[in-house]
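Structure first, commentary second.
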Amino acid sequence: MDVKYAIPDRFLFRFSLPCLFLKETAGWSDLPEKYRLAGLEGMEGKSSGKASPLEVRAAWSAEGLIFQFRATGKKRSPWCNPNRPDESDRVELWLDTRNVRNVHRATRYCHRFVCLPTGGGKDGDDAVILPLPINRAKQQTADLPNGSVRIVSKIYRDGYAMNVFFTAASLTGWDTADFRELGFAWMVSDHELGVRTLTAGEPFPYMEDPSLWYVLSLQD
């Protein structure tokens with residue numbers, strides 16, 4: 001039997017999302033509303049169901065790149081296990097510091113990070129970030145230096161929030177003088193909320209194909 005898929009509208013466009021400059025990184029764990037990135041699921045109307053449960057904000061500075069994730073619509077606490085990241089409630093983030101658009105396999109400038117709102121620390125209450133390899137990559141990124149990424153989280157009655165600060169040392173190829181456009185994608189996977197993506201999701205191989213990622217444009 002033939003299986004037919006409706007092509008999502010998001011697959012037909014290449015979006016560029018503005019990432020605003022943050023002068024003082026002391027407030028990196030609380031980005032204001034103006035740093036909020038557009039959600040694109042709504043452009044598909046009824047075909048995509050409800051709007052994405054994940055709100056994403058982003059900012060950049062000479063020191064690195066900052067993301068704020070806020071997941072809502074949950075009734076239970078997130079389930080996270082750093083030893084079983086693919087089964088955990090999580091946000092995955094993909095970044096390409098060279099934004100190469102004509103390759104289908106990741107290069108050493110492509111990064112994959114799994115962010116867990118809980119599961120770390122002595123009591124398992126702390127957020128965790130895991131740099132994981134990208135399937136079929138031509139090259140893998142360098143090992144993540146200790147302390148080069150900071151992550152904090154808050155658990156709410158209806159979800160959770162995570163703030164992540166990627167310092168320049170954590171991102172191979174980070175060069176804001178010559179490269180102001182990054183390849184960028186995210187995915188939230190949750191036992192209650194399901195799987196939602198920034199870009200067109202499955203059956204498209206967005207987890208491993210950088211040509212399917214959108215652009216994060218670093219603005220002054």
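Ligands are numbered from 1 in the order shown, residues from 1 within each chain, and chains are lettered A, B, ... in the order they appear in the structure tokens.
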
May I have all residues of range 27-111 of chain A that DSSP, computed from the backbone, assigns to helix (DSSP H, G or I), given as number ranges by chain? A: 27, 33-35, 41-48, 85-87

Residues just named, written with N, CA, C and O atoms as a CSV table (one decimal), in the first residue's frame:
chain,number,residue,atom,x,y,z
A,27,GLY,N,22.3,39.3,32.8
A,27,GLY,CA,20.9,38.9,32.9
A,27,GLY,C,20.5,37.8,31.9
A,27,GLY,O,19.4,37.7,31.4
A,33,GLU,N,10.8,39.9,26.5
A,33,GLU,CA,9.9,39.5,25.4
A,33,GLU,C,10.5,39.8,24.0
A,33,GLU,O,10.3,39.0,23.1
A,34,LYS,N,11.2,40.9,23.9
A,34,LYS,CA,11.7,41.2,22.6
A,34,LYS,C,12.7,40.2,22.0
A,34,LYS,O,13.0,40.2,20.8
A,35,TYR,N,13.2,39.3,22.8
A,35,TYR,CA,14.1,38.3,22.3
A,35,TYR,C,13.4,37.0,21.8
A,35,TYR,O,14.0,36.0,21.5
A,41,GLU,N,4.7,26.9,13.4
A,41,GLU,CA,3.7,25.8,13.2
A,41,GLU,C,2.4,26.4,12.7
A,41,GLU,O,1.6,25.7,11.9
A,42,GLY,N,2.0,27.5,13.2
A,42,GLY,CA,0.7,28.1,12.9
A,42,GLY,C,0.4,28.4,11.5
A,42,GLY,O,-0.7,28.4,11.0
A,43,MET,N,1.5,28.5,10.7
A,43,MET,CA,1.3,28.8,9.3
A,43,MET,C,0.7,27.6,8.5
A,43,MET,O,0.2,27.8,7.4
A,44,GLU,N,0.7,26.5,9.1
A,44,GLU,CA,0.1,25.3,8.5
A,44,GLU,C,-1.4,25.1,8.9
A,44,GLU,O,-2.0,24.1,8.5
A,45,GLY,N,-1.9,26.0,9.7
A,45,GLY,CA,-3.3,26.0,10.1
A,45,GLY,C,-3.7,24.6,10.7
A,45,GLY,O,-3.1,24.1,11.6
A,46,LYS,N,-4.8,24.1,10.2
A,46,LYS,CA,-5.4,22.9,10.8
A,46,LYS,C,-4.5,21.7,10.7
A,46,LYS,O,-4.6,20.8,11.4
A,47,SER,N,-3.7,21.7,9.6
A,47,SER,CA,-2.8,20.6,9.4
A,47,SER,C,-1.8,20.3,10.5
A,47,SER,O,-1.3,19.2,10.6
A,48,SER,N,-1.5,21.3,11.2
A,48,SER,CA,-0.5,21.1,12.3
A,48,SER,C,-1.1,21.0,13.7
A,48,SER,O,-0.4,20.9,14.7
A,85,PRO,N,18.6,9.7,27.4
A,85,PRO,CA,18.2,11.0,26.9
A,85,PRO,C,17.1,10.9,25.8
A,85,PRO,O,16.2,11.7,25.7
A,86,ASP,N,17.2,9.9,25.0
A,86,ASP,CA,16.2,9.7,23.9
A,86,ASP,C,14.8,9.4,24.4
A,86,ASP,O,13.8,9.4,23.6
A,87,GLU,N,14.7,8.9,25.7
A,87,GLU,CA,13.4,8.6,26.3
A,87,GLU,C,12.9,9.7,27.2
A,87,GLU,O,11.8,9.6,27.7

I'd like the interatomic distance between CA of Leu95 in chain A and CA of Ala185 in chain A, to a tenth of an Å.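 Interatomic distance, CA of Leu95 in chain A to CA of Ala185 in chain A: 6.9 Å.
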
Non-local contacts of Trp186 in chain A (8 Å; only C-alpha atoms; under 3 positions in same chain excluded) as a PyMOL selection string: chain A and resi 91-94+197-199

Would you please work out which residue, of A:Ser170, A:Ser153, A:Ser29, A:Ser88, is nearest to Glu63 in chain A when using only C-alpha atoms?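 Residue with the minimum atom-to-atom distance to Glu63 in chain A: A:Ser170.
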
Name the residues in contact with Pro117 in chain A at a cut-off of 12 Å, using only C-alpha atoms, excluding same-chain residues fewer than 3 positions from it; report them as a ChimeraX atom specification. /A:68-71,77-82,85,88-92,114,120-121,124-130,151-156,159-164,188,190

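Minimum distance to Thr97 in chain A across A:Leu212, A:Leu182, A:Ala142, A:Ala26 (counting only C-alpha atoms) occurs at A:Leu182.
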
Write down as an MDAnalysis selection string the residues of range 106-199 of chain A whose backbone DSSP state falls under strand (DSSP E). chainID A and resid 110:120 126:131 149:156 159:167 181:190 194:197

Output N, CA and C atoms for every residue in the selection just made, as a CSV table (one decimal), in the first residue's frame.
chain,number,residue,atom,x,y,z
A,110,CYS,N,28.8,21.6,13.0
A,110,CYS,CA,27.4,21.3,13.4
A,110,CYS,C,27.3,20.7,14.8
A,111,HIS,N,26.4,21.1,15.6
A,111,HIS,CA,26.3,20.7,17.0
A,111,HIS,C,24.9,20.2,17.3
A,112,ARG,N,24.9,19.2,18.2
A,112,ARG,CA,23.6,18.7,18.7
A,112,ARG,C,23.7,18.7,20.2
A,113,PHE,N,22.7,19.4,20.8
A,113,PHE,CA,22.6,19.4,22.3
A,113,PHE,C,21.3,19.0,22.8
A,114,VAL,N,21.3,18.1,23.8
A,114,VAL,CA,20.0,17.6,24.4
A,114,VAL,C,19.9,18.3,25.8
A,115,CYS,N,18.8,19.0,26.0
A,115,CYS,CA,18.6,19.8,27.2
A,115,CYS,C,17.5,19.2,28.0
A,116,LEU,N,17.9,18.8,29.3
A,116,LEU,CA,16.9,18.1,30.2
A,116,LEU,C,16.6,19.1,31.3
A,117,PRO,N,15.4,19.4,31.7
A,117,PRO,CA,15.1,20.3,32.7
A,117,PRO,C,15.4,19.7,34.1
A,118,THR,N,15.5,18.4,34.3
A,118,THR,CA,15.8,17.8,35.5
A,118,THR,C,16.7,16.6,35.3
A,119,GLY,N,17.1,15.9,36.3
A,119,GLY,CA,17.9,14.7,36.2
A,119,GLY,C,19.4,14.9,36.6
A,120,GLY,N,19.8,16.1,36.9
A,120,GLY,CA,21.2,16.3,37.3
A,120,GLY,C,21.3,16.7,38.8
A,126,ASP,N,18.5,19.2,39.1
A,126,ASP,CA,19.2,20.2,38.3
A,126,ASP,C,19.0,19.9,36.8
A,127,ALA,N,19.1,20.9,36.0
A,127,ALA,CA,19.1,20.8,34.5
A,127,ALA,C,20.4,20.2,34.1
A,128,VAL,N,20.3,19.5,32.9
A,128,VAL,CA,21.4,18.8,32.3
A,128,VAL,C,21.5,19.1,30.9
A,129,ILE,N,22.7,19.3,30.3
A,129,ILE,CA,22.9,19.5,28.9
A,129,ILE,C,23.9,18.5,28.4
A,130,LEU,N,23.5,17.8,27.3
A,130,LEU,CA,24.3,16.7,26.8
A,130,LEU,C,24.7,17.0,25.4
A,131,PRO,N,26.0,17.1,25.0
A,131,PRO,CA,26.4,17.2,23.6
A,131,PRO,C,26.4,15.8,23.0
A,149,VAL,N,29.4,25.5,29.0
A,149,VAL,CA,28.0,25.7,28.8
A,149,VAL,C,27.3,25.8,30.2
A,150,ARG,N,26.5,26.8,30.4
A,150,ARG,CA,25.7,26.9,31.6
A,150,ARG,C,24.2,26.7,31.4
A,151,ILE,N,23.6,25.9,32.3
A,151,ILE,CA,22.2,25.7,32.1
A,151,ILE,C,21.5,25.7,33.4
A,152,VAL,N,20.3,26.4,33.5
A,152,VAL,CA,19.5,26.5,34.7
A,152,VAL,C,18.1,26.2,34.3
A,153,SER,N,17.3,25.7,35.2
A,153,SER,CA,15.9,25.4,34.9
A,153,SER,C,15.0,25.8,36.1
A,154,LYS,N,13.7,25.9,35.8
A,154,LYS,CA,12.6,26.1,36.7
A,154,LYS,C,11.5,25.2,36.4
A,155,ILE,N,10.9,24.6,37.4
A,155,ILE,CA,9.7,23.7,37.1
A,155,ILE,C,8.5,24.4,37.6
A,156,TYR,N,7.5,24.5,36.7
A,156,TYR,CA,6.2,25.2,37.0
A,156,TYR,C,5.1,24.1,37.1
A,159,GLY,N,4.5,23.1,33.4
A,159,GLY,CA,5.6,22.9,32.5
A,159,GLY,C,7.0,23.2,33.1
A,160,TYR,N,7.9,23.7,32.3
A,160,TYR,CA,9.2,24.0,32.8
A,160,TYR,C,9.8,25.1,31.9
A,161,ALA,N,10.9,25.7,32.4
A,161,ALA,CA,11.7,26.7,31.6
A,161,ALA,C,13.2,26.3,31.8
A,162,MET,N,13.9,26.5,30.7
A,162,MET,CA,15.4,26.2,30.8
A,162,MET,C,16.1,27.4,30.1
A,163,ASN,N,17.2,27.8,30.7
A,163,ASN,CA,18.0,28.8,30.1
A,163,ASN,C,19.4,28.3,29.9
A,164,VAL,N,19.9,28.4,28.7
A,164,VAL,CA,21.2,27.8,28.3
A,164,VAL,C,22.2,28.9,27.8
A,165,PHE,N,23.4,29.0,28.3
A,165,PHE,CA,24.4,29.9,27.8
A,165,PHE,C,25.5,29.1,27.2
A,166,PHE,N,25.6,29.2,25.9
A,166,PHE,CA,26.8,28.6,25.2
A,166,PHE,C,27.9,29.6,25.0
A,167,THR,N,29.0,29.4,25.8
A,167,THR,CA,30.1,30.3,25.6
A,167,THR,C,30.8,30.1,24.2
A,181,GLU,N,25.4,34.3,10.4
A,181,GLU,CA,24.2,33.4,10.2
A,181,GLU,C,24.6,32.0,10.6
A,182,LEU,N,23.7,31.4,11.4
A,182,LEU,CA,23.9,30.1,11.9
A,182,LEU,C,22.7,29.2,11.4
A,183,GLY,N,23.1,28.0,11.1
A,183,GLY,CA,22.0,27.0,10.9
A,183,GLY,C,21.4,26.6,12.2
A,184,PHE,N,20.1,26.4,12.3
A,184,PHE,CA,19.4,26.4,13.6
A,184,PHE,C,18.1,25.5,13.4
A,185,ALA,N,17.9,24.7,14.4
A,185,ALA,CA,16.7,23.9,14.5
A,185,ALA,C,16.5,23.5,16.0
A,186,TRP,N,15.2,23.2,16.3
A,186,TRP,CA,15.0,22.7,17.7
A,186,TRP,C,13.8,21.7,17.6
A,187,MET,N,13.8,20.8,18.6
A,187,MET,CA,12.7,19.9,18.7
A,187,MET,C,12.4,19.7,20.2
A,188,VAL,N,11.1,19.7,20.6
A,188,VAL,CA,10.7,19.4,21.9
A,188,VAL,C,10.0,18.0,21.9
A,189,SER,N,10.4,17.1,22.8
A,189,SER,CA,9.9,15.8,22.9
A,189,SER,C,9.4,15.5,24.3
A,190,ASP,N,8.2,15.2,24.5
A,190,ASP,CA,7.6,15.1,25.8
A,190,ASP,C,6.5,14.1,25.9
A,194,GLY,N,4.0,15.4,23.3
A,194,GLY,CA,4.4,14.9,22.0
A,194,GLY,C,5.7,15.4,21.5
A,195,VAL,N,5.8,15.3,20.1
A,195,VAL,CA,7.0,15.8,19.5
A,195,VAL,C,6.6,17.0,18.6
A,196,ARG,N,7.3,18.1,18.8
A,196,ARG,CA,7.0,19.3,17.9
A,196,ARG,C,8.4,19.8,17.5
A,197,THR,N,8.4,20.4,16.3
A,197,THR,CA,9.7,20.9,15.7
A,197,THR,C,9.5,22.3,15.2

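Taking only C-alpha atoms into account, Pro18 in chain A lies nearest to A:Arg180 out of the set A:Arg180, A:Asn83, A:Tyr109, A:Asp209.
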
Which residues, written as JSON, numbers by chain, have at least one atom at most 12 Å from Pro205 in chain A, with only C-alpha atoms counted and residues fewer than 5 positions away on the same chain left out? {"A": [11, 104, 105, 106, 134, 135, 136, 185, 197, 199, 200, 210, 211, 212, 213]}

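The spacing separating CA of Cys19 in chain A from CA of Asp220 in chain A amounts to 8.7 Å.
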
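Between CA of Ala168 in chain A and CA of Phe67 in chain A lies a distance of 13.8 Å.
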